[in-house]
file target.tsv (TSV, C-alpha atoms)
chain	number	residue	atom	x	y	z
A	1	MET	CA	22.41	25.33	64.74
A	2	SER	CA	24.26	22.04	64.75
A	3	TYR	CA	25.39	20.09	61.70
A	4	GLU	CA	26.89	16.70	61.01
A	5	ILE	CA	29.42	16.74	58.19
A	6	ALA	CA	30.59	13.48	56.65
A	7	THR	CA	34.30	13.92	55.96
A	8	ILE	CA	36.11	11.77	53.40
A	9	PRO	CA	39.78	12.85	53.39
A	10	GLY	CA	40.46	10.37	50.57
A	11	ASP	CA	43.81	10.13	48.81
A	12	GLY	CA	47.10	11.92	48.33
A	13	ILE	CA	47.22	15.37	49.91
A	14	GLY	CA	43.55	15.07	50.87
A	15	PRO	CA	44.09	13.64	54.36
A	16	GLU	CA	46.88	16.05	55.32
A	17	VAL	CA	44.98	19.13	54.11
A	18	VAL	CA	41.69	18.07	55.70
A	19	ASP	CA	43.47	17.28	58.98
A	20	GLU	CA	44.99	20.78	59.07
A	21	THR	CA	41.76	22.48	58.01
A	22	LEU	CA	39.12	20.97	60.30
A	23	PRO	CA	40.18	22.90	63.46
A	24	LEU	CA	39.92	26.13	61.47
A	25	LEU	CA	36.39	25.23	60.35
A	26	HIS	CA	35.41	24.45	63.94
A	27	GLU	CA	36.75	27.84	65.02
A	28	ALA	CA	35.03	29.76	62.24
A	29	ALA	CA	31.70	28.07	62.96
A	30	SER	CA	31.89	28.51	66.74
A	31	ARG	CA	32.43	32.26	66.37
A	32	HIS	CA	28.97	32.42	64.80
A	33	ASP	CA	27.28	30.06	67.27
A	34	VAL	CA	27.27	27.19	64.79
A	35	GLU	CA	28.20	23.70	65.94
A	36	VAL	CA	29.72	21.21	63.52
A	37	GLU	CA	30.60	17.58	64.02
A	38	PHE	CA	32.90	16.03	61.43
A	39	THR	CA	32.56	12.27	61.09
A	40	GLU	CA	35.50	10.83	59.18
A	41	TYR	CA	35.27	7.92	56.73
A	42	ASP	CA	38.51	6.29	55.62
A	43	TRP	CA	37.34	5.54	52.10
A	44	GLY	CA	39.73	5.82	49.20
A	45	THR	CA	42.57	4.14	47.38
A	46	GLU	CA	44.34	2.74	50.45
A	47	ARG	CA	41.14	0.88	51.24
A	48	TYR	CA	40.90	-0.24	47.62
A	49	MET	CA	44.40	-1.73	47.68
A	50	GLU	CA	43.51	-3.65	50.84
A	51	THR	CA	39.96	-4.77	50.04
A	52	GLY	CA	39.36	-4.18	46.33
A	53	GLU	CA	36.73	-1.51	47.08
A	54	MET	CA	37.07	2.24	47.33
A	55	MET	CA	34.20	2.29	49.82
A	56	PRO	CA	31.86	-0.32	51.31
A	57	ASP	CA	28.67	-1.46	49.60
A	58	ASP	CA	26.52	0.41	52.11
A	59	ALA	CA	28.59	3.60	51.97
A	60	LEU	CA	25.80	5.88	50.79
A	61	ASN	CA	23.44	4.57	53.47
A	62	ARG	CA	26.04	5.44	56.10
A	63	ILE	CA	26.24	9.10	55.11
A	64	VAL	CA	22.78	9.79	53.67
A	65	ASP	CA	21.64	11.49	56.88
A	66	ALA	CA	24.63	13.84	57.03
A	67	ASP	CA	23.89	17.50	56.52
A	68	SER	CA	26.73	17.77	54.02
A	69	ILE	CA	29.91	16.07	52.81
A	70	LEU	CA	33.48	17.41	52.70
A	71	LEU	CA	35.79	15.47	50.38
A	72	GLY	CA	39.57	15.82	50.36
A	73	ALA	CA	40.75	14.21	47.12
A	74	VAL	CA	40.44	11.06	45.03
A	75	GLY	CA	43.20	9.43	43.01
A	76	HIS	CA	46.40	7.40	43.30
A	77	PRO	CA	49.25	6.97	40.79
A	78	GLU	CA	49.18	3.18	41.17
A	79	VAL	CA	45.45	2.81	40.47
A	80	PRO	CA	43.76	3.81	37.18
A	81	ASP	CA	41.65	6.92	37.50
A	82	HIS	CA	38.53	5.24	36.14
A	83	ILE	CA	38.64	2.88	39.12
A	84	THR	CA	39.04	5.60	41.72
A	85	LEU	CA	36.45	7.91	40.18
A	86	HIS	CA	33.86	5.22	39.53
A	87	GLY	CA	34.55	3.67	42.90
A	88	LEU	CA	33.90	6.73	45.05
A	89	LEU	CA	33.37	10.18	43.59
A	90	LEU	CA	30.90	9.44	40.79
A	91	PRO	CA	28.73	7.03	42.85
A	92	ILE	CA	28.27	9.77	45.47
A	93	ARG	CA	27.42	12.41	42.87
A	94	LYS	CA	24.93	10.16	41.13
A	95	GLY	CA	23.59	8.32	44.18
A	96	PHE	CA	22.78	11.58	45.93
A	97	ASN	CA	21.50	13.24	42.74
A	98	GLN	CA	24.03	16.05	42.95
A	99	GLN	CA	23.02	17.44	39.58
A	100	VAL	CA	24.70	20.83	39.85
A	101	CYS	CA	28.45	21.28	40.00
A	102	LYS	CA	29.35	24.88	40.87
A	103	ARG	CA	32.95	26.04	40.43
A	104	PRO	CA	33.95	29.69	40.87
A	105	SER	CA	37.18	31.09	39.37
A	106	ILE	CA	38.47	34.32	40.90
A	107	LEU	CA	41.73	36.18	40.46
A	108	PHE	CA	42.29	37.30	44.04
A	109	GLU	CA	44.26	40.32	45.15
A	110	GLY	CA	47.87	39.26	45.68
A	111	VAL	CA	47.68	36.41	43.17
A	112	GLU	CA	49.33	36.56	39.76
A	113	SER	CA	47.60	35.10	36.74
A	114	PRO	CA	49.79	33.37	34.14
A	115	LEU	CA	48.03	35.64	31.65
A	116	ARG	CA	49.64	39.02	31.10
A	117	GLY	CA	47.88	42.22	32.05
A	118	TYR	CA	45.33	40.90	34.53
A	119	GLU	CA	44.95	42.25	38.05
A	120	SER	CA	42.82	41.23	41.02
A	121	GLY	CA	39.13	41.19	40.23
A	122	ASP	CA	39.62	41.18	36.48
A	123	ILE	CA	38.78	37.47	36.36
A	124	ASP	CA	35.66	36.47	38.28
A	125	PHE	CA	33.35	33.90	36.76
A	126	VAL	CA	31.57	30.73	37.80
A	127	VAL	CA	31.00	27.54	35.82
A	128	TYR	CA	27.82	25.53	36.26
A	129	ARG	CA	28.58	21.99	35.13
A	130	GLU	CA	25.97	19.27	34.67
A	131	ASN	CA	27.10	16.66	37.16
A	132	THR	CA	25.27	13.33	36.93
A	133	GLU	CA	24.73	12.46	33.27
A	134	GLY	CA	25.95	13.67	29.89
A	135	GLU	CA	29.25	12.23	28.72
A	136	TYR	CA	29.94	10.67	32.15
A	137	SER	CA	26.73	8.65	32.29
A	138	ASP	CA	28.64	5.35	32.17
A	139	ALA	CA	26.31	4.06	29.47
A	140	GLY	CA	28.10	1.64	27.16
A	141	GLY	CA	30.57	-1.19	27.38
A	142	ARG	CA	33.30	-3.23	25.71
A	143	VAL	CA	32.86	-6.50	23.82
A	144	HIS	CA	35.25	-8.96	22.16
A	145	GLU	CA	37.99	-7.80	24.52
A	146	GLY	CA	41.45	-8.93	23.50
A	147	PHE	CA	40.54	-9.59	19.87
A	148	ASP	CA	41.14	-7.53	16.76
A	149	HIS	CA	37.43	-6.85	16.46
A	150	GLU	CA	37.13	-5.51	20.01
A	151	VAL	CA	34.54	-2.75	20.27
A	152	ALA	CA	34.08	0.01	22.86
A	153	ILE	CA	30.88	2.04	23.07
A	154	GLN	CA	30.49	5.09	25.32
A	155	SER	CA	27.17	6.89	25.07
A	156	ALA	CA	26.29	10.31	26.44
A	157	VAL	CA	22.86	10.60	28.03
A	158	HIS	CA	21.10	13.97	28.28
A	159	THR	CA	17.67	14.10	29.90
A	160	ARG	CA	15.43	17.13	29.71
A	161	GLU	CA	15.05	17.18	33.49
A	162	GLY	CA	18.80	16.99	34.10
A	163	THR	CA	19.66	19.55	31.44
A	164	GLU	CA	16.99	21.97	32.55
A	165	THR	CA	18.10	21.66	36.19
A	166	ILE	CA	21.65	22.79	35.47
A	167	VAL	CA	20.60	25.43	32.94
A	168	ARG	CA	18.05	26.93	35.31
A	169	ALA	CA	20.59	26.99	38.15
A	170	ALA	CA	22.97	28.89	35.89
A	171	PHE	CA	20.29	31.40	34.89
A	172	GLU	CA	19.44	31.96	38.56
A	173	ALA	CA	23.11	32.64	39.27
A	174	ALA	CA	23.31	35.05	36.34
A	175	THR	CA	20.39	37.09	37.72
A	176	GLU	CA	22.28	37.47	41.00
A	177	ARG	CA	25.57	38.40	39.32
A	178	GLU	CA	26.09	40.46	36.15
A	179	GLY	CA	23.15	39.17	34.11
A	180	GLN	CA	25.29	37.39	31.55
A	181	LEU	CA	25.25	33.67	30.74
A	182	THR	CA	27.39	31.72	28.27
A	183	SER	CA	26.26	28.28	27.15
A	184	ILE	CA	29.08	26.01	25.97
A	185	THR	CA	28.24	23.20	23.52
A	186	LYS	CA	29.51	21.44	20.41
A	187	SER	CA	26.31	21.71	18.42
A	188	ASN	CA	28.00	21.76	15.05
A	189	ALA	CA	29.39	18.23	15.50
A	190	GLN	CA	26.99	16.68	18.03
A	191	ALA	CA	23.79	17.31	16.15
A	192	PHE	CA	21.49	15.45	18.53
A	193	SER	CA	22.67	15.95	22.11
A	194	MET	CA	24.01	19.47	21.82
A	195	THR	CA	21.21	20.89	19.70
A	196	PHE	CA	18.91	19.41	22.35
A	197	TRP	CA	20.96	21.33	24.94
A	198	ASP	CA	20.60	24.51	22.87
A	199	ASP	CA	16.83	24.00	22.74
A	200	VAL	CA	16.61	23.70	26.52
A	201	VAL	CA	18.69	26.85	26.99
A	202	GLU	CA	16.41	28.72	24.61
A	203	ASP	CA	13.30	27.45	26.42
A	204	VAL	CA	14.57	28.36	29.89
A	205	ALA	CA	15.81	31.77	28.69
A	206	THR	CA	12.21	32.92	28.20
A	207	ASP	CA	11.83	32.90	32.00
A	208	TYR	CA	14.87	35.18	32.40
A	209	PRO	CA	14.41	38.05	29.91
A	210	ASP	CA	16.98	40.23	31.69
A	211	VAL	CA	19.82	37.72	31.22
A	212	GLU	CA	22.00	38.16	28.13
A	213	VAL	CA	22.78	34.76	26.60
A	214	GLU	CA	25.83	33.87	24.52
A	215	SER	CA	26.44	30.46	22.94
A	216	LEU	CA	29.93	29.20	22.17
A	217	LEU	CA	31.39	25.93	20.93
A	218	ILE	CA	33.71	24.23	23.41
A	219	ASP	CA	36.83	24.82	21.32
A	220	ALA	CA	36.11	28.53	20.92
A	221	GLY	CA	35.00	28.78	24.54
A	222	SER	CA	38.22	27.19	25.79
A	223	MET	CA	40.29	29.61	23.71
A	224	ASP	CA	38.24	32.58	24.90
A	225	LEU	CA	38.70	31.66	28.56
A	226	VAL	CA	42.39	32.25	27.92
A	227	ARG	CA	42.01	35.12	25.45
A	228	ARG	CA	39.27	37.14	27.21
A	229	PRO	CA	38.45	35.64	30.65
A	230	GLU	CA	37.40	39.04	31.98
A	231	GLU	CA	34.33	39.01	29.73
A	232	PHE	CA	32.74	35.91	31.29
A	233	ASP	CA	30.32	35.87	34.21
A	234	VAL	CA	28.33	32.60	34.36
A	235	LEU	CA	29.07	29.65	32.09
A	236	VAL	CA	26.95	26.51	31.80
A	237	ALA	CA	28.05	23.29	30.17
A	238	SER	CA	27.61	19.54	30.04
A	239	ASN	CA	29.60	17.20	32.26
A	240	LEU	CA	32.63	16.77	29.99
A	241	PHE	CA	32.79	20.32	28.71
A	242	GLY	CA	32.31	21.71	32.20
A	243	ASP	CA	35.17	19.53	33.41
A	244	ILE	CA	37.47	21.06	30.81
A	245	LEU	CA	36.36	24.65	31.41
A	246	THR	CA	36.77	24.53	35.18
A	247	ASP	CA	40.38	23.37	34.99
A	248	ILE	CA	41.14	26.20	32.58
A	249	GLY	CA	39.38	28.57	34.96
A	250	ALA	CA	41.46	27.41	37.91
A	251	ILE	CA	44.72	27.95	36.05
A	252	VAL	CA	43.98	31.37	34.53
A	253	SER	CA	42.99	32.63	37.99
A	254	GLY	CA	46.33	31.69	39.51
A	255	SER	CA	46.45	28.20	40.98
A	256	MET	CA	44.61	24.90	41.22
A	257	GLY	CA	45.20	25.31	44.96
A	258	LEU	CA	42.67	28.14	45.08
A	259	ALA	CA	39.79	26.45	43.25
A	260	PRO	CA	36.79	25.25	45.31
A	261	SER	CA	33.88	23.17	44.08
A	262	GLY	CA	30.39	22.18	45.12
A	263	ASN	CA	28.30	19.19	44.03
A	264	ILE	CA	24.78	20.32	44.83
A	265	ASN	CA	21.61	18.32	45.43
A	266	VAL	CA	19.14	21.01	44.46
A	267	ASP	CA	16.04	19.72	46.27
A	268	GLY	CA	17.72	19.01	49.62
A	269	GLU	CA	16.64	15.37	49.67
A	270	TYR	CA	20.26	14.22	49.89
A	271	PRO	CA	23.45	15.83	51.18
A	272	SER	CA	25.56	17.94	48.85
A	273	MET	CA	29.32	17.43	48.63
A	274	PHE	CA	32.14	19.98	48.52
A	275	GLU	CA	35.71	19.38	47.38
A	276	PRO	CA	38.81	21.23	46.19
A	277	VAL	CA	39.52	20.96	42.48
A	278	HIS	CA	43.25	20.26	42.91
A	279	GLY	CA	42.92	16.48	43.25
A	280	SER	CA	45.29	14.19	45.12
A	281	ALA	CA	48.54	15.83	43.84
A	282	PRO	CA	50.76	12.74	44.32
A	283	ASP	CA	53.91	14.73	43.49
A	284	ILE	CA	53.76	16.64	46.80
A	285	VAL	CA	52.19	14.06	49.12
A	286	GLY	CA	53.82	14.02	52.55
A	287	GLN	CA	55.72	17.27	52.07
A	288	GLY	CA	53.22	19.35	54.04
A	289	VAL	CA	53.18	22.13	51.45
A	290	ALA	CA	49.77	21.64	49.83
A	291	ASN	CA	47.73	24.81	49.56
A	292	PRO	CA	44.75	24.49	51.96
A	293	MET	CA	42.82	27.43	50.53
A	294	ALA	CA	40.79	25.42	48.01
A	295	THR	CA	39.61	23.18	50.84
A	296	VAL	CA	38.83	26.19	53.06
A	297	LEU	CA	36.85	27.84	50.26
A	298	SER	CA	35.05	24.58	49.50
A	299	ALA	CA	34.04	24.53	53.16
A	300	ALA	CA	32.89	28.14	52.78
A	301	MET	CA	30.64	27.00	49.93
A	302	LEU	CA	29.43	24.17	52.18
A	303	PHE	CA	28.40	26.58	54.93
A	304	GLU	CA	26.69	28.84	52.41
A	305	ASP	CA	24.72	25.86	51.11
A	306	LEU	CA	23.63	25.11	54.68
A	307	GLY	CA	22.36	28.65	55.05
A	308	GLU	CA	25.18	29.74	57.36
A	309	GLU	CA	26.29	32.75	55.30
A	310	PRO	CA	28.18	34.50	58.15
A	311	VAL	CA	30.51	31.51	58.52
A	312	SER	CA	30.95	31.31	54.77
A	313	ASP	CA	31.65	35.04	54.49
A	314	ALA	CA	34.20	34.87	57.31
A	315	LEU	CA	36.16	32.13	55.58
A	316	TRP	CA	36.11	33.89	52.20
A	317	SER	CA	37.21	37.16	53.81
A	318	ALA	CA	40.02	35.51	55.78
A	319	VAL	CA	41.41	33.79	52.70
A	320	ARG	CA	41.24	37.03	50.72
A	321	ALA	CA	43.07	38.87	53.52
A	322	VAL	CA	45.91	36.34	53.58
A	323	LEU	CA	46.32	36.44	49.80
A	324	ALA	CA	46.33	40.25	49.76
A	325	ASP	CA	49.02	40.48	52.47
A	326	ASP	CA	52.52	40.41	50.97
A	327	ASP	CA	53.92	39.42	54.36
A	328	ALA	CA	51.55	36.48	54.89
A	329	PRO	CA	52.80	32.92	54.37
A	330	ALA	CA	52.22	31.34	50.97
A	331	THR	CA	52.61	27.79	49.76
A	332	PRO	CA	54.93	26.95	46.83
A	333	ASP	CA	52.16	27.02	44.22
A	334	LEU	CA	51.83	30.74	44.96
A	335	GLY	CA	55.56	31.39	44.99
A	336	GLY	CA	56.17	30.95	48.73
A	337	SER	CA	57.74	28.31	50.94
A	338	ALA	CA	55.20	28.04	53.76
A	339	SER	CA	53.65	24.85	55.00
A	340	THR	CA	49.99	23.91	54.89
A	341	GLY	CA	49.71	24.47	58.63
A	342	GLU	CA	51.31	27.91	58.48
A	343	VAL	CA	48.79	29.08	55.90
A	344	VAL	CA	45.89	27.65	57.91
A	345	ALA	CA	47.17	29.52	60.98
A	346	ALA	CA	47.35	32.74	58.98
A	347	ILE	CA	43.76	32.29	57.83
A	348	GLU	CA	42.61	31.68	61.40
A	349	GLU	CA	44.32	34.87	62.58
A	350	ARG	CA	42.21	36.83	60.09
A	351	LEU	CA	38.83	35.31	60.85

call {"tool": "encode", "arguments": {"input": "target.tsv", "output": "structure tokens"}}
result
Amino acid sequence: MSYEIATIPGDGIGPEVVDETLPLLHEAASRHDVEVEFTEYDWGTERYMETGEMMPDDALNRIVDADSILLGAVGHPEVPDHITLHGLLLPIRKGFNQQVCKRPSILFEGVESPLRGYESGDIDFVVYRENTEGEYSDAGGRVHEGFDHEVAIQSAVHTREGTETIVRAAFEAATEREGQLTSITKSNAQAFSMTFWDDVVEDVATDYPDVEVESLLIDAGSMDLVRRPEEFDVLVASNLFGDILTDIGAIVSGSMGLAPSGNINVDGEYPSMFEPVHGSAPDIVGQGVANPMATVLSAAMLFEDLGEEPVSDALWSAVRAVLADDDAPATPDLGGSASTGEVVAAIEERL
């Protein structure tokens, strides 16, 4: 099979990590008779500072026929985050109806959690985050700006179709894993939107009688991800709450540099997009020490989504092998001093 992948290296460490990683992805694919063509788009903050736009007006039309999208990072210390996110990342998620955000958190062998007493495999859960509506719907506005009576309104929007899509995806995942699902809400304070969410979870649960369902409030759920992460399997949450939970998940499992992510279009009408969770990391830009593993694992999720499981499995296995080897190079976030390129080379050796 042959695939066209739209590649948006983006900002910060994104371009340097993507540049180091693409030859590895070519190699992994070719070993399984899969051809990939990466078409690069120089969209991001540098473009914004030159033109006032993160990407051109017809950006989505340019990449709509791609089989998938690989994103490096979005964000720049000199540009407010709401501009960078609303100028690139969120328009792609919403424009391509990428309703499901899937983010696994795994404590790999050879990686130390900041939590005491946890060993490899003790932490292994996945968060399903609603990705196109909820608290990030961009419904609202500001009026009377600059005056004492200035008003800002930000409204969350939860549709039954959108909520059921993410909830059902999480239940499906739970049936393939340990049969346990935790729904994270704030129903005690948000008596309309979150009780609606609870109702949808209850309705969908009837189709999955073998899945054990737990419901937690976001504050308790956040504490429990630190206090008892080993007890979680699949978590499902709204856009904002899922955003919070996935960052906690990345940290308790060892490093933001190990956290992959997928933005999934469930019906296949549009391309899905895969990206590392670590962001643009402006503090280490240009040093060549960014951990490439989150990007490699995001690409592994990309290949799995395309139906190329052998390529995906090879990348996961190679990353695991490097992490488990005490003599393998490691980037500073994992306590080593290796460069991005050295870690990529070590992964390639273990394909």

call {"tool": "axis_aligned_box", "arguments": {"input": "target.tsv", "around": "range 11-18 of chain A", "padding_each_side": "4 Å", "output": "lines of an AutoDock Vina configuration file"}}
result
center_x = 44.5
center_y = 14.6
center_z = 52.0
size_x = 13.5
size_y = 17.0
size_z = 15.4

call {"tool": "residues_around", "arguments": {"input": "target.tsv", "residues": "range 128-141 of chain A", "least_positions_apart": "6", "cutoff": "9 Å", "atoms": "all atoms listed in the file", "output": "PDB file with C-alpha atoms, in the coordinates of the input"}}
result
ATOM      1  CA  LEU A  90      30.900   9.440  40.790  1.00  0.00           C
ATOM      2  CA  ARG A  93      27.420  12.410  42.870  1.00  0.00           C
ATOM      3  CA  LYS A  94      24.930  10.160  41.130  1.00  0.00           C
ATOM      4  CA  GLY A  95      23.590   8.320  44.180  1.00  0.00           C
ATOM      5  CA  ASN A  97      21.500  13.240  42.740  1.00  0.00           C
ATOM      6  CA  GLN A  98      24.030  16.050  42.950  1.00  0.00           C
ATOM      7  CA  GLN A  99      23.020  17.440  39.580  1.00  0.00           C
ATOM      8  CA  VAL A 100      24.700  20.830  39.850  1.00  0.00           C
ATOM      9  CA  CYS A 101      28.450  21.280  40.000  1.00  0.00           C
ATOM     10  CA  LYS A 102      29.350  24.880  40.870  1.00  0.00           C
ATOM     11  CA  ARG A 103      32.950  26.040  40.430  1.00  0.00           C
ATOM     12  CA  PRO A 104      33.950  29.690  40.870  1.00  0.00           C
ATOM     13  CA  VAL A 151      34.540  -2.750  20.270  1.00  0.00           C
ATOM     14  CA  ALA A 152      34.080   0.010  22.860  1.00  0.00           C
ATOM     15  CA  ILE A 153      30.880   2.040  23.070  1.00  0.00           C
ATOM     16  CA  GLN A 154      30.490   5.090  25.320  1.00  0.00           C
ATOM     17  CA  SER A 155      27.170   6.890  25.070  1.00  0.00           C
ATOM     18  CA  ALA A 156      26.290  10.310  26.440  1.00  0.00           C
ATOM     19  CA  VAL A 157      22.860  10.600  28.030  1.00  0.00           C
ATOM     20  CA  HIS A 158      21.100  13.970  28.280  1.00  0.00           C
ATOM     21  CA  THR A 159      17.670  14.100  29.900  1.00  0.00           C
ATOM     22  CA  GLY A 162      18.800  16.990  34.100  1.00  0.00           C
ATOM     23  CA  THR A 163      19.660  19.550  31.440  1.00  0.00           C
ATOM     24  CA  THR A 165      18.100  21.660  36.190  1.00  0.00           C
ATOM     25  CA  ILE A 166      21.650  22.790  35.470  1.00  0.00           C
ATOM     26  CA  VAL A 167      20.600  25.430  32.940  1.00  0.00           C
ATOM     27  CA  ALA A 169      20.590  26.990  38.150  1.00  0.00           C
ATOM     28  CA  ALA A 170      22.970  28.890  35.890  1.00  0.00           C
ATOM     29  CA  SER A 193      22.670  15.950  22.110  1.00  0.00           C
ATOM     30  CA  VAL A 234      28.330  32.600  34.360  1.00  0.00           C
ATOM     31  CA  LEU A 235      29.070  29.650  32.090  1.00  0.00           C
ATOM     32  CA  VAL A 236      26.950  26.510  31.800  1.00  0.00           C
ATOM     33  CA  ALA A 237      28.050  23.290  30.170  1.00  0.00           C
ATOM     34  CA  SER A 238      27.610  19.540  30.040  1.00  0.00           C
ATOM     35  CA  ASN A 239      29.600  17.200  32.260  1.00  0.00           C
ATOM     36  CA  LEU A 240      32.630  16.770  29.990  1.00  0.00           C
ATOM     37  CA  PHE A 241      32.790  20.320  28.710  1.00  0.00           C
ATOM     38  CA  GLY A 242      32.310  21.710  32.200  1.00  0.00           C
ATOM     39  CA  ASP A 243      35.170  19.530  33.410  1.00  0.00           C
ATOM     40  CA  THR A 246      36.770  24.530  35.180  1.00  0.00           C
ATOM     41  CA  ASN A 263      28.300  19.190  44.030  1.00  0.00           C
ATOM     42  CA  ILE A 264      24.780  20.320  44.830  1.00  0.00           C
TER      43      ILE A 264
END

call {"tool": "closest_atom_pairs", "arguments": {"input": "target.tsv", "of": "range 255-325 of chain A", "to": "range 42-62 of chain A", "cutoff": "12 Å", "atoms": "only C-alpha atoms", "output": "Markdown table"}}
result
| residue | atom | partner | partner_atom | distance |
| --- | --- | --- | --- | --- |
| A:Tyr270 | CA | A:Leu60 | CA | 10.1 |
| A:Pro271 | CA | A:Leu60 | CA | 10.2 |
| A:Ser280 | CA | A:Thr45 | CA | 10.7 |

call {"tool": "closest_residue", "arguments": {"input": "target.tsv", "among": "A:Pro23, A:Gly12, A:Gly146, A:Pro80", "to": "Ile347 in chain A", "atoms": "all atoms listed in the file"}}
result
A:Pro23

call {"tool": "closest_residue", "arguments": {"input": "target.tsv", "among": "A:Glu78, A:Glu304, A:Glu16, A:Glu4", "to": "Val289 in chain A", "atoms": "all atoms listed in the file"}}
result
A:Glu16

call {"tool": "atom_distance", "arguments": {"input": "target.tsv", "atom1": "CA of Ile5 in chain A", "atom2": "CA of Val344 in chain A"}}
result
19.8 Å

call {"tool": "residues_around", "arguments": {"input": "target.tsv", "residues": "Met194 in chain A", "least_positions_apart": "3", "cutoff": "10 Å", "atoms": "all atoms listed in the file", "output": "MDAnalysis selection string"}}
result
chainID A and resid 158 184:191 197:200 217 238

call {"tool": "closest_residue", "arguments": {"input": "target.tsv", "among": "A:Ala174, A:Leu25, A:Leu225, A:Ala220", "to": "Tyr208 in chain A", "atoms": "only C-alpha atoms"}}
result
A:Ala174

call {"tool": "atom_distance", "arguments": {"input": "target.tsv", "atom1": "CA of Phe147 in chain A", "atom2": "CA of Gly87 in chain A"}}
result
27.2 Å

call {"tool": "closest_residue", "arguments": {"input": "target.tsv", "among": "A:Ala28, A:Val64, A:Val296, A:Val34", "to": "Ala314 in chain A", "atoms": "all atoms listed in the file"}}
result
A:Ala28

call {"tool": "atom_distance", "arguments": {"input": "target.tsv", "atom1": "CA of Glu164 in chain A", "atom2": "CA of Asp203 in chain A"}}
result
9.0 Å

call {"tool": "closest_residue", "arguments": {"input": "target.tsv", "among": "A:Ile123, A:Leu107, A:Val311, A:Leu115", "to": "Leu351 in chain A", "atoms": "all atoms listed in the file"}}
result
A:Val311

call {"tool": "residues_around", "arguments": {"input": "target.tsv", "residues": "Ser317 in chain A", "least_positions_apart": "4", "cutoff": "12 Å", "atoms": "only C-alpha atoms", "output": "list in words"}}
result
Ala28, Phe108, Glu109, Met293, Val296, Leu297, Ala300, Glu309, Pro310, Val311, Ser312, Asp313, Ala321, Val322, Leu323, Ala324, Ile347, Glu348, Glu349, Arg350 and Leu351 of chain A

call {"tool": "residues_around", "arguments": {"input": "target.tsv", "residues": "Ala338 in chain A", "least_positions_apart": "6", "cutoff": "12 Å", "atoms": "all atoms listed in the file", "output": "CSV table (one decimal) with C-alpha atoms, in the coordinates of the input"}}
result
chain,number,residue,atom,x,y,z
A,287,GLN,CA,55.7,17.3,52.1
A,288,GLY,CA,53.2,19.4,54.0
A,289,VAL,CA,53.2,22.1,51.4
A,290,ALA,CA,49.8,21.6,49.8
A,291,ASN,CA,47.7,24.8,49.6
A,292,PRO,CA,44.8,24.5,52.0
A,327,ASP,CA,53.9,39.4,54.4
A,328,ALA,CA,51.6,36.5,54.9
A,329,PRO,CA,52.8,32.9,54.4
A,330,ALA,CA,52.2,31.3,51.0
A,331,THR,CA,52.6,27.8,49.8
A,332,PRO,CA,54.9,27.0,46.8
A,344,VAL,CA,45.9,27.6,57.9
A,345,ALA,CA,47.2,29.5,61.0
A,346,ALA,CA,47.4,32.7,59.0

call {"tool": "closest_residue", "arguments": {"input": "target.tsv", "among": "A:Ser298, A:Thr84, A:Thr340, A:Thr182", "to": "Glu214 in chain A", "atoms": "all atoms listed in the file"}}
result
A:Thr182

call {"tool": "residues_around", "arguments": {"input": "target.tsv", "residues": "Val18 in chain A", "least_positions_apart": "5", "cutoff": "10 Å", "atoms": "all atoms listed in the file", "output": "PDB file with C-alpha atoms, in the frame of the given file"}}
result
ATOM      1  CA  THR A   7      34.300  13.920  55.960  1.00  0.00           C
ATOM      2  CA  ILE A   8      36.110  11.770  53.400  1.00  0.00           C
ATOM      3  CA  PRO A   9      39.780  12.850  53.390  1.00  0.00           C
ATOM      4  CA  GLY A  10      40.460  10.370  50.570  1.00  0.00           C
ATOM      5  CA  ILE A  13      47.220  15.370  49.910  1.00  0.00           C
ATOM      6  CA  PRO A  23      40.180  22.900  63.460  1.00  0.00           C
ATOM      7  CA  LEU A  70      33.480  17.410  52.700  1.00  0.00           C
ATOM      8  CA  LEU A  71      35.790  15.470  50.380  1.00  0.00           C
ATOM      9  CA  GLY A  72      39.570  15.820  50.360  1.00  0.00           C
ATOM     10  CA  ALA A  73      40.750  14.210  47.120  1.00  0.00           C
ATOM     11  CA  PRO A 292      44.750  24.490  51.960  1.00  0.00           C
ATOM     12  CA  THR A 295      39.610  23.180  50.840  1.00  0.00           C
ATOM     13  CA  VAL A 296      38.830  26.190  53.060  1.00  0.00           C
TER      14      VAL A 296
END

call {"tool": "residues_near_point", "arguments": {"input": "target.tsv", "point": "(49.5, 38.6, 32.5)", "cutoff": "12 Å", "atoms": "all atoms listed in the file", "output": "list in words"}}
result
Leu107, Val111, Glu112, Ser113, Pro114, Leu115, Arg116, Gly117, Tyr118, Glu119, Ser120, Asp122, Ile123, Val226, Arg227, Arg228, Pro229, Val252, Ser253 and Gly254 of chain A

call {"tool": "residues_near_point", "arguments": {"input": "target.tsv", "point": "(17.2, 41.9, 32.3)", "cutoff": "10 Å", "atoms": "all atoms listed in the file", "output": "ChimeraX atom specification"}}
result
/A:175,178-180,208-212
